[in-house]
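S.K.: Just entry27.csv, nothing more (CSV, N, CA and C atoms):
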chain,number,residue,atom,x,y,z
A,218,MET,N,24.8,73.1,62.7
A,218,MET,CA,24.4,72.9,61.4
A,218,MET,C,25.5,72.7,60.5
A,219,ASN,N,26.6,72.6,60.9
A,219,ASN,CA,27.7,72.3,60.1
A,219,ASN,C,27.8,70.8,59.9
A,220,THR,N,27.4,70.4,58.8
A,220,THR,CA,27.5,68.9,58.5
A,220,THR,C,28.7,68.7,57.6
A,221,PRO,N,29.5,67.8,58.0
A,221,PRO,CA,30.7,67.5,57.2
A,221,PRO,C,30.4,66.8,55.9
A,222,ILE,N,31.1,67.2,54.9
A,222,ILE,CA,31.0,66.6,53.6
A,222,ILE,C,32.1,65.6,53.5
A,223,ILE,N,31.7,64.4,53.2
A,223,ILE,CA,32.6,63.3,53.1
A,223,ILE,C,32.7,62.8,51.7
A,224,ILE,N,33.9,62.8,51.1
A,224,ILE,CA,34.0,62.3,49.7
A,224,ILE,C,34.9,61.1,49.8
A,225,THR,N,34.3,60.0,49.3
A,225,THR,CA,34.9,58.7,49.4
A,225,THR,C,35.5,58.4,48.0
A,226,PRO,N,36.4,57.5,47.9
A,226,PRO,CA,36.9,57.1,46.6
A,226,PRO,C,35.8,56.6,45.6
A,227,PHE,N,34.8,55.9,46.2
A,227,PHE,CA,33.7,55.4,45.4
A,227,PHE,C,33.0,56.6,44.8
A,228,ASP,N,32.8,57.7,45.5
A,228,ASP,CA,32.1,58.9,45.0
A,228,ASP,C,32.9,59.5,43.8
A,229,ILE,N,34.2,59.5,44.0
A,229,ILE,CA,35.0,60.1,42.9
A,229,ILE,C,34.9,59.2,41.6
A,230,LEU,N,35.0,57.9,41.8
A,230,LEU,CA,34.9,57.0,40.7
A,230,LEU,C,33.6,57.1,40.0
A,231,ALA,N,32.5,57.2,40.8
A,231,ALA,CA,31.2,57.2,40.3
A,231,ALA,C,31.0,58.5,39.5
A,232,THR,N,31.5,59.6,40.0
A,232,THR,CA,31.4,60.9,39.3
A,232,THR,C,32.2,60.8,38.0
A,233,LEU,N,33.4,60.3,38.0
A,233,LEU,CA,34.2,60.1,36.8
A,233,LEU,C,33.5,59.2,35.8
A,234,LEU,N,32.8,58.2,36.3
A,234,LEU,CA,32.1,57.3,35.4
A,234,LEU,C,30.9,58.0,34.8
A,235,ILE,N,30.2,58.8,35.5
A,235,ILE,CA,29.1,59.6,35.0
A,235,ILE,C,29.5,60.6,33.9
A,236,ILE,N,30.6,61.3,34.2
A,236,ILE,CA,31.2,62.3,33.2
A,236,ILE,C,31.6,61.5,31.9
A,237,THR,N,32.3,60.4,32.1
A,237,THR,CA,32.7,59.6,31.0
A,237,THR,C,31.5,59.1,30.2
A,238,GLY,N,30.5,58.7,30.8
A,238,GLY,CA,29.3,58.3,30.1
A,238,GLY,C,28.6,59.4,29.3
A,239,PHE,N,28.6,60.6,29.9
A,239,PHE,CA,28.0,61.7,29.1
A,239,PHE,C,28.9,62.1,27.9
A,240,ALA,N,30.2,62.0,28.1
A,240,ALA,CA,31.1,62.3,27.0
A,240,ALA,C,31.0,61.3,25.9
A,241,ALA,N,30.8,60.0,26.3
A,241,ALA,CA,30.6,58.9,25.3
A,241,ALA,C,29.3,59.1,24.6
A,242,LEU,N,28.3,59.5,25.3
A,242,LEU,CA,27.0,59.8,24.7
A,242,LEU,C,27.0,60.9,23.7
A,243,VAL,N,27.7,62.0,24.0
A,243,VAL,CA,27.9,63.1,23.1
A,243,VAL,C,28.7,62.7,21.9
A,244,PHE,N,29.8,61.9,22.1
A,244,PHE,CA,30.6,61.4,21.0
A,244,PHE,C,29.7,60.5,20.1
A,245,LEU,N,28.9,59.7,20.6
A,245,LEU,CA,28.0,58.8,19.9
A,245,LEU,C,27.0,59.6,19.1
A,246,ILE,N,26.5,60.6,19.6
A,246,ILE,CA,25.5,61.5,18.9
A,246,ILE,C,26.2,62.2,17.7
A,247,ILE,N,27.4,62.7,18.0
A,247,ILE,CA,28.2,63.3,16.9
A,247,ILE,C,28.5,62.3,15.7
A,248,CYS,N,28.9,61.1,16.1
A,248,CYS,CA,29.2,60.1,15.1
A,248,CYS,C,27.9,59.7,14.3
A,249,LEU,N,26.8,59.5,15.0
A,249,LEU,CA,25.6,59.2,14.3
A,249,LEU,C,25.1,60.3,13.4
A,250,TYR,N,25.3,61.5,13.8
A,250,TYR,CA,24.9,62.7,12.9
A,250,TYR,C,25.8,62.7,11.7
A,251,ARG,N,27.1,62.5,11.8
A,251,ARG,CA,28.0,62.4,10.6
A,251,ARG,C,27.6,61.2,9.8
A,252,LEU,N,27.3,60.1,10.4
A,252,LEU,CA,26.9,58.9,9.6
A,252,LEU,C,25.7,59.1,8.8
A,253,PHE,N,24.7,59.8,9.4
A,253,PHE,CA,23.4,60.1,8.6
A,253,PHE,C,23.7,61.1,7.5
A,254,LYS,N,24.6,62.0,7.8
A,254,LYS,CA,24.9,63.0,6.7
A,254,LYS,C,25.6,62.3,5.6
A,255,ILE,N,26.5,61.4,5.8
A,255,ILE,CA,27.2,60.6,4.8
A,255,ILE,C,26.3,59.8,4.0
A,256,LEU,N,25.4,59.1,4.7
A,256,LEU,CA,24.4,58.2,4.1
A,256,LEU,C,23.5,59.0,3.2
A,257,GLY,N,23.1,60.3,3.6
A,257,GLY,CA,22.3,61.1,2.7
A,257,GLY,C,23.0,61.5,1.4
A,258,LYS,N,24.4,61.7,1.5
A,258,LYS,CA,25.1,62.1,0.3
A,258,LYS,C,25.2,60.8,-0.6
A,259,VAL,N,25.5,59.7,0.0
A,259,VAL,CA,25.5,58.4,-0.8
A,259,VAL,C,24.2,58.2,-1.5
A,260,ASN,N,23.1,58.4,-0.8
A,260,ASN,CA,21.8,58.2,-1.4
A,260,ASN,C,21.6,59.1,-2.6
A,261,LYS,N,22.0,60.4,-2.4
A,261,LYS,CA,21.8,61.3,-3.5
A,261,LYS,C,22.7,60.9,-4.7
A,262,PHE,N,23.9,60.4,-4.4
A,262,PHE,CA,24.8,60.0,-5.5
A,262,PHE,C,24.3,58.8,-6.2
A,263,VAL,N,23.7,57.8,-5.5
A,263,VAL,CA,23.2,56.6,-6.1
A,263,VAL,C,22.0,57.0,-6.9
A,264,ASP,N,21.1,57.9,-6.4
A,264,ASP,CA,19.9,58.3,-7.2
A,264,ASP,C,20.3,59.0,-8.5
A,265,ALA,N,21.4,59.9,-8.4
A,265,ALA,CA,21.8,60.6,-9.6
A,265,ALA,C,22.4,59.7,-10.6
A,266,ASN,N,23.1,58.7,-10.2
A,266,ASN,CA,23.9,57.8,-11.1
A,266,ASN,C,23.2,56.5,-11.4
A,267,SER,N,22.1,56.2,-11.0
A,267,SER,CA,21.5,54.9,-11.2
A,267,SER,C,21.1,54.6,-12.6
A,268,ALA,N,20.6,55.7,-13.3
A,268,ALA,CA,20.2,55.5,-14.7
A,268,ALA,C,21.5,55.2,-15.6
A,269,PRO,N,22.5,56.0,-15.5
A,269,PRO,CA,23.7,55.7,-16.3
A,269,PRO,C,24.3,54.4,-16.0
A,270,LEU,N,24.4,54.0,-14.7
A,270,LEU,CA,24.9,52.7,-14.4
A,270,LEU,C,24.1,51.6,-14.9
A,271,THR,N,22.8,51.7,-14.9
A,271,THR,CA,21.9,50.7,-15.4
A,271,THR,C,22.1,50.5,-16.9
A,272,SER,N,22.2,51.6,-17.6
A,272,SER,CA,22.4,51.5,-19.1
A,272,SER,C,23.8,51.0,-19.4
A,273,SER,N,24.8,51.3,-18.6
A,273,SER,CA,26.1,50.7,-18.8
A,273,SER,C,26.1,49.2,-18.6
A,274,ILE,N,25.4,48.8,-17.6
A,274,ILE,CA,25.3,47.3,-17.2
A,274,ILE,C,24.6,46.6,-18.3
A,275,LYS,N,23.6,47.2,-18.9
A,275,LYS,CA,22.8,46.6,-20.0
A,275,LYS,C,23.7,46.4,-21.3
A,276,LEU,N,24.7,47.3,-21.4
A,276,LEU,CA,25.6,47.2,-22.6
A,276,LEU,C,26.7,46.2,-22.5
A,277,LEU,N,26.9,45.7,-21.3
A,277,LEU,CA,28.1,44.8,-21.1
A,277,LEU,C,28.0,43.5,-21.9
A,278,PRO,N,26.9,42.8,-22.2
A,278,PRO,CA,26.9,41.7,-23.1
A,278,PRO,C,27.3,42.0,-24.5
A,279,GLU,N,26.8,43.2,-25.0
A,279,GLU,CA,27.2,43.6,-26.3
A,279,GLU,C,28.7,43.9,-26.4
A,280,ILE,N,29.2,44.5,-25.4
A,280,ILE,CA,30.7,44.8,-25.3
A,280,ILE,C,31.5,43.6,-25.3
A,281,THR,N,31.1,42.5,-24.6
A,281,THR,CA,31.8,41.3,-24.6
A,281,THR,C,31.8,40.6,-25.9
A,282,GLU,N,30.6,40.7,-26.6
A,282,GLU,CA,30.6,40.1,-27.9
A,282,GLU,C,31.5,40.8,-28.9
A,283,ASN,N,31.5,42.1,-28.8
A,283,ASN,CA,32.4,42.9,-29.7
A,283,ASN,C,33.9,42.6,-29.4
A,284,VAL,N,34.2,42.4,-28.1
A,284,VAL,CA,35.6,42.1,-27.8
A,284,VAL,C,35.9,40.7,-28.3
A,285,SER,N,35.0,39.7,-28.3
A,285,SER,CA,35.2,38.4,-28.8
A,285,SER,C,35.4,38.5,-30.3
A,286,ALA,N,34.6,39.3,-31.0
A,286,ALA,CA,34.7,39.4,-32.5
A,286,ALA,C,36.1,40.0,-32.8
A,287,VAL,N,36.5,41.0,-32.1
A,287,VAL,CA,37.8,41.7,-32.4
A,287,VAL,C,38.9,40.7,-32.2
A,288,SER,N,38.8,39.9,-31.1
A,288,SER,CA,39.9,39.0,-30.9
A,288,SER,C,40.0,37.9,-32.0
A,289,LYS,N,38.8,37.5,-32.5
A,289,LYS,CA,38.8,36.5,-33.6
A,289,LYS,C,39.4,37.2,-34.8
A,290,ASN,N,39.1,38.4,-35.1
A,290,ASN,CA,39.7,39.1,-36.2
A,290,ASN,C,41.2,39.3,-36.1
A,291,MET,N,41.6,39.5,-34.9
A,291,MET,CA,43.1,39.7,-34.6
A,291,MET,C,43.8,38.4,-34.9
A,292,VAL,N,43.1,37.2,-34.6
A,292,VAL,CA,43.8,35.9,-34.9
A,292,VAL,C,43.9,35.8,-36.4
A,293,GLY,N,42.9,36.1,-37.2
A,293,GLY,CA,42.9,36.1,-38.6
A,293,GLY,C,44.0,37.0,-39.2
A,294,ILE,N,44.1,38.2,-38.6
A,294,ILE,CA,45.1,39.2,-39.1
A,294,ILE,C,46.5,38.7,-38.8
A,295,THR,N,46.7,38.1,-37.7
A,295,THR,CA,48.1,37.7,-37.4
A,295,THR,C,48.4,36.5,-38.2
A,296,GLU,N,47.5,35.6,-38.5
A,296,GLU,CA,47.8,34.5,-39.4
A,296,GLU,C,48.1,35.0,-40.8
A,297,SER,N,47.3,36.0,-41.3
A,297,SER,CA,47.5,36.6,-42.6
A,297,SER,C,48.9,37.3,-42.7
A,298,ALA,N,49.2,38.0,-41.6
A,298,ALA,CA,50.5,38.7,-41.5
A,298,ALA,C,51.6,37.7,-41.6
A,299,GLY,N,51.4,36.6,-40.9
A,299,GLY,CA,52.5,35.5,-41.0
A,299,GLY,C,52.6,35.0,-42.4
A,300,ASP,N,51.5,34.8,-43.1
A,300,ASP,CA,51.5,34.4,-44.5
A,300,ASP,C,52.2,35.4,-45.4
A,301,ILE,N,52.0,36.7,-45.1
A,301,ILE,CA,52.6,37.7,-45.9
A,301,ILE,C,54.1,37.7,-45.6
A,302,VAL,N,54.5,37.6,-44.4
A,302,VAL,CA,56.0,37.5,-44.1
A,302,VAL,C,56.6,36.3,-44.7
A,303,ASN,N,55.9,35.2,-44.7
A,303,ASN,CA,56.4,34.0,-45.4
A,303,ASN,C,56.5,34.3,-46.9
A,304,GLY,N,55.5,35.0,-47.5
A,304,GLY,CA,55.6,35.3,-48.9
A,304,GLY,C,56.8,36.2,-49.2
A,305,LEU,N,57.1,37.2,-48.3
A,305,LEU,CA,58.2,38.0,-48.5
A,305,LEU,C,59.5,37.2,-48.4
A,306,ASP,N,59.6,36.3,-47.5
A,306,ASP,CA,60.7,35.4,-47.5
A,306,ASP,C,60.9,34.6,-48.8
A,307,GLU,N,59.8,34.1,-49.3
A,307,GLU,CA,59.8,33.4,-50.6
A,307,GLU,C,60.3,34.3,-51.7
A,308,ILE,N,59.8,35.6,-51.7
A,308,ILE,CA,60.3,36.5,-52.8
A,308,ILE,C,61.8,36.7,-52.7
A,309,ALA,N,62.2,36.9,-51.5
A,309,ALA,CA,63.7,37.1,-51.3
A,309,ALA,C,64.5,35.9,-51.7
A,310,GLY,N,63.9,34.7,-51.5
A,310,GLY,CA,64.6,33.4,-51.8
A,310,GLY,C,64.5,33.1,-53.3
A,311,THR,N,63.4,33.5,-54.0
A,311,THR,CA,63.3,33.2,-55.4
A,311,THR,C,63.7,34.3,-56.3
A,312,ALA,N,64.2,35.4,-55.8
A,312,ALA,CA,64.7,36.5,-56.6
A,312,ALA,C,65.9,36.2,-57.4
A,313,THR,N,66.6,35.2,-57.0
A,313,THR,CA,67.8,34.8,-57.7
A,313,THR,C,67.4,33.9,-58.9
A,314,LEU,N,68.3,33.9,-59.8
A,314,LEU,CA,68.0,33.1,-61.1
A,314,LEU,C,68.1,31.6,-60.9
A,315,THR,N,68.7,31.2,-59.8
A,315,THR,CA,68.9,29.7,-59.6
A,315,THR,C,67.7,29.1,-59.0
A,316,ASP,N,66.9,29.8,-58.2
A,316,ASP,CA,65.8,29.2,-57.4
A,316,ASP,C,64.4,29.4,-58.1
A,317,GLY,N,64.3,29.4,-59.3
A,317,GLY,CA,63.0,29.4,-60.0
A,317,GLY,C,62.9,30.6,-60.9
A,318,GLY,N,63.8,31.5,-60.8
A,318,GLY,CA,63.9,32.6,-61.7
A,318,GLY,C,62.6,33.5,-61.7
A,319,PHE,N,62.3,34.0,-62.9
A,319,PHE,CA,61.3,35.0,-63.0
A,319,PHE,C,59.9,34.4,-62.7
A,320,LEU,N,59.6,33.2,-63.2
A,320,LEU,CA,58.3,32.6,-63.0
A,320,LEU,C,58.1,32.3,-61.5
A,321,GLY,N,59.1,31.9,-60.8
A,321,GLY,CA,58.9,31.7,-59.3
A,321,GLY,C,58.6,33.0,-58.6
A,322,THR,N,59.3,34.1,-59.0
A,322,THR,CA,59.1,35.4,-58.4
A,322,THR,C,57.6,35.9,-58.7
A,323,VAL,N,57.1,35.7,-59.9
A,323,VAL,CA,55.8,36.1,-60.2
A,323,VAL,C,54.8,35.3,-59.4
A,324,THR,N,55.0,34.0,-59.2
A,324,THR,CA,54.1,33.2,-58.4
A,324,THR,C,54.1,33.7,-57.0
A,325,VAL,N,55.2,34.0,-56.4
A,325,VAL,CA,55.3,34.5,-55.1
A,325,VAL,C,54.6,35.8,-54.9
A,326,ILE,N,54.8,36.7,-55.9
A,326,ILE,CA,54.1,38.0,-55.8
A,326,ILE,C,52.6,37.8,-55.9
A,327,ALA,N,52.1,36.9,-56.7
A,327,ALA,CA,50.7,36.7,-56.8
A,327,ALA,C,50.2,36.1,-55.5
A,328,THR,N,50.9,35.2,-54.9
A,328,THR,CA,50.5,34.7,-53.6
A,328,THR,C,50.5,35.8,-52.5
A,329,LEU,N,51.5,36.7,-52.6
A,329,LEU,CA,51.6,37.8,-51.7
A,329,LEU,C,50.4,38.7,-51.8
A,330,ILE,N,50.0,39.1,-53.1
A,330,ILE,CA,48.8,39.9,-53.3
A,330,ILE,C,47.5,39.2,-52.8
A,331,GLN,N,47.5,37.9,-53.0
A,331,GLN,CA,46.3,37.2,-52.6
A,331,GLN,C,46.2,37.2,-51.0
A,332,ASN,N,47.3,37.2,-50.3
A,332,ASN,CA,47.4,37.3,-48.9
A,332,ASN,C,47.0,38.7,-48.4
A,333,ILE,N,47.4,39.7,-49.1
A,333,ILE,CA,47.0,41.1,-48.8
A,333,ILE,C,45.5,41.3,-48.9
A,334,ILE,N,45.0,40.7,-50.0
A,334,ILE,CA,43.5,40.8,-50.2
A,334,ILE,C,42.8,40.1,-49.1
A,335,GLN,N,43.3,39.0,-48.7
A,335,GLN,CA,42.6,38.2,-47.6
A,335,GLN,C,42.7,39.1,-46.3
A,336,VAL,N,43.8,39.8,-46.0
A,336,VAL,CA,43.9,40.6,-44.8
A,336,VAL,C,42.9,41.7,-44.9
A,337,VAL,N,42.7,42.3,-46.1
A,337,VAL,CA,41.8,43.4,-46.2
A,337,VAL,C,40.3,42.9,-46.0
A,338,LYS,N,40.1,41.7,-46.5
A,338,LYS,CA,38.7,41.1,-46.3
A,338,LYS,C,38.5,40.9,-44.8
A,339,ASN,N,39.5,40.4,-44.1
A,339,ASN,CA,39.4,40.2,-42.7
A,339,ASN,C,39.1,41.5,-41.9
A,340,LEU,N,39.8,42.5,-42.3
A,340,LEU,CA,39.7,43.8,-41.7
A,340,LEU,C,38.3,44.4,-41.9
A,341,THR,N,37.8,44.3,-43.1
A,341,THR,CA,36.5,44.9,-43.4
A,341,THR,C,35.3,44.0,-43.1
A,342,GLY,N,35.6,42.7,-42.9
A,342,GLY,CA,34.5,41.8,-42.6
A,342,GLY,C,33.7,41.3,-43.8
A,343,LYS,N,34.1,41.7,-45.0
A,343,LYS,CA,33.4,41.4,-46.2
A,343,LYS,C,34.1,40.1,-46.8
A,344,GLU,N,33.2,39.3,-47.3
A,344,GLU,CA,33.7,38.0,-47.9
A,344,GLU,C,33.9,38.2,-49.4
A,345,GLU,N,33.4,39.2,-50.0
A,345,GLU,CA,33.5,39.4,-51.5
A,345,GLU,C,34.4,40.5,-51.8
Would you mind giving the structure from this file in C-alpha cells?
M.R.:
Amino acid sequence: MNTPIIITPFDILATLLIITGFAALVFLIICLYRLFKILGKVNKFVDANSAPLTSSIKLLPEITENVSAVSKNMVGITESAGDIVNGLDEIAGTATLTDGGFLGTVTVIATLIQNIIQVVKNLTGKEE
C-alpha cells in the first residue's frame, strides 16, 4: 500500500500558478473595494458642492462683463493720468515769467483741474 508520491516540475509550476492566481484575485478584490470607497466619497463631495458650483458658473458671464468694464475704466484713468502729468509738466514750464507768465500758469491750472474732474467722472461712472 505504499504508493510513491511523485512531484514533477510541472506540478510545482502549476501549484505556484494557482497560488499566484489566488493572490492576484485577493489583490484585485482589495483594489476594487478601495476604488468603490473612493468613488463613494467623490459622489458625496459632488452632491454636497453641486449647488455652489452651479451658482458660481452662472455668475461667470457677469464677472467677465465686470472685468471688461473695469479694464475700460482703467484705460480712461491712465489716459487722464497722462493728461494730468502733461499738465504738471506745463505748469512747471510756464511758471517762469518768460514762457507765458501768470496767464499761462492760470490756464494750465484750469486745464489740470478739468483733467482731475474728468478722472473723478471716470471713477464714479457719472457723466454729470
S.K.: Quick one: pull the distance between atom CA of A:Ala327 and atom CA of A:Gly299, Å, one decimal.
M.R.: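 Separation of atom CA of A:Ala327 and atom CA of A:Gly299: 15.9 Å.
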S.K.: For a quick check of understanding, using only N, CA and C atoms, which of A:Ala265, A:Ile301, A:Ile229, A:Leu276 has the smallest distance to A:Ile330?
M.R.: A:Ile301
S.K.: At what distance in Å, to one decimal, does atom N of A:Asn303 lie from atom N of A:Thr322?
M.R.: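 Straight-line distance from atom N of A:Thr322 to atom N of A:Asn303 works out to 14.7 Å.
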S.K.: May I ask which of the residues A:Asn290, A:Thr324, A:Thr281, A:Asn219 is the closest one to A:Asn339, counting all atoms listed in the file?
M.R.: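 Checking each candidate against A:Asn339, we get A:Asn290 as the closest.
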S.K.: For A:Ile294, list every protein, DNA or RNA residue within 9 Å, evaluated using only C-alpha atoms, and leave out those in the same chain fewer than 5 positions away; present the list as an MDAnalysis selection string.
M.R.: chainID A and resid 289 299 335:337 339:340
S.K.: Atom N of A:Ser267 and atom C of A:Glu279, how far apart in Å?
M.R.: 20.8 Å
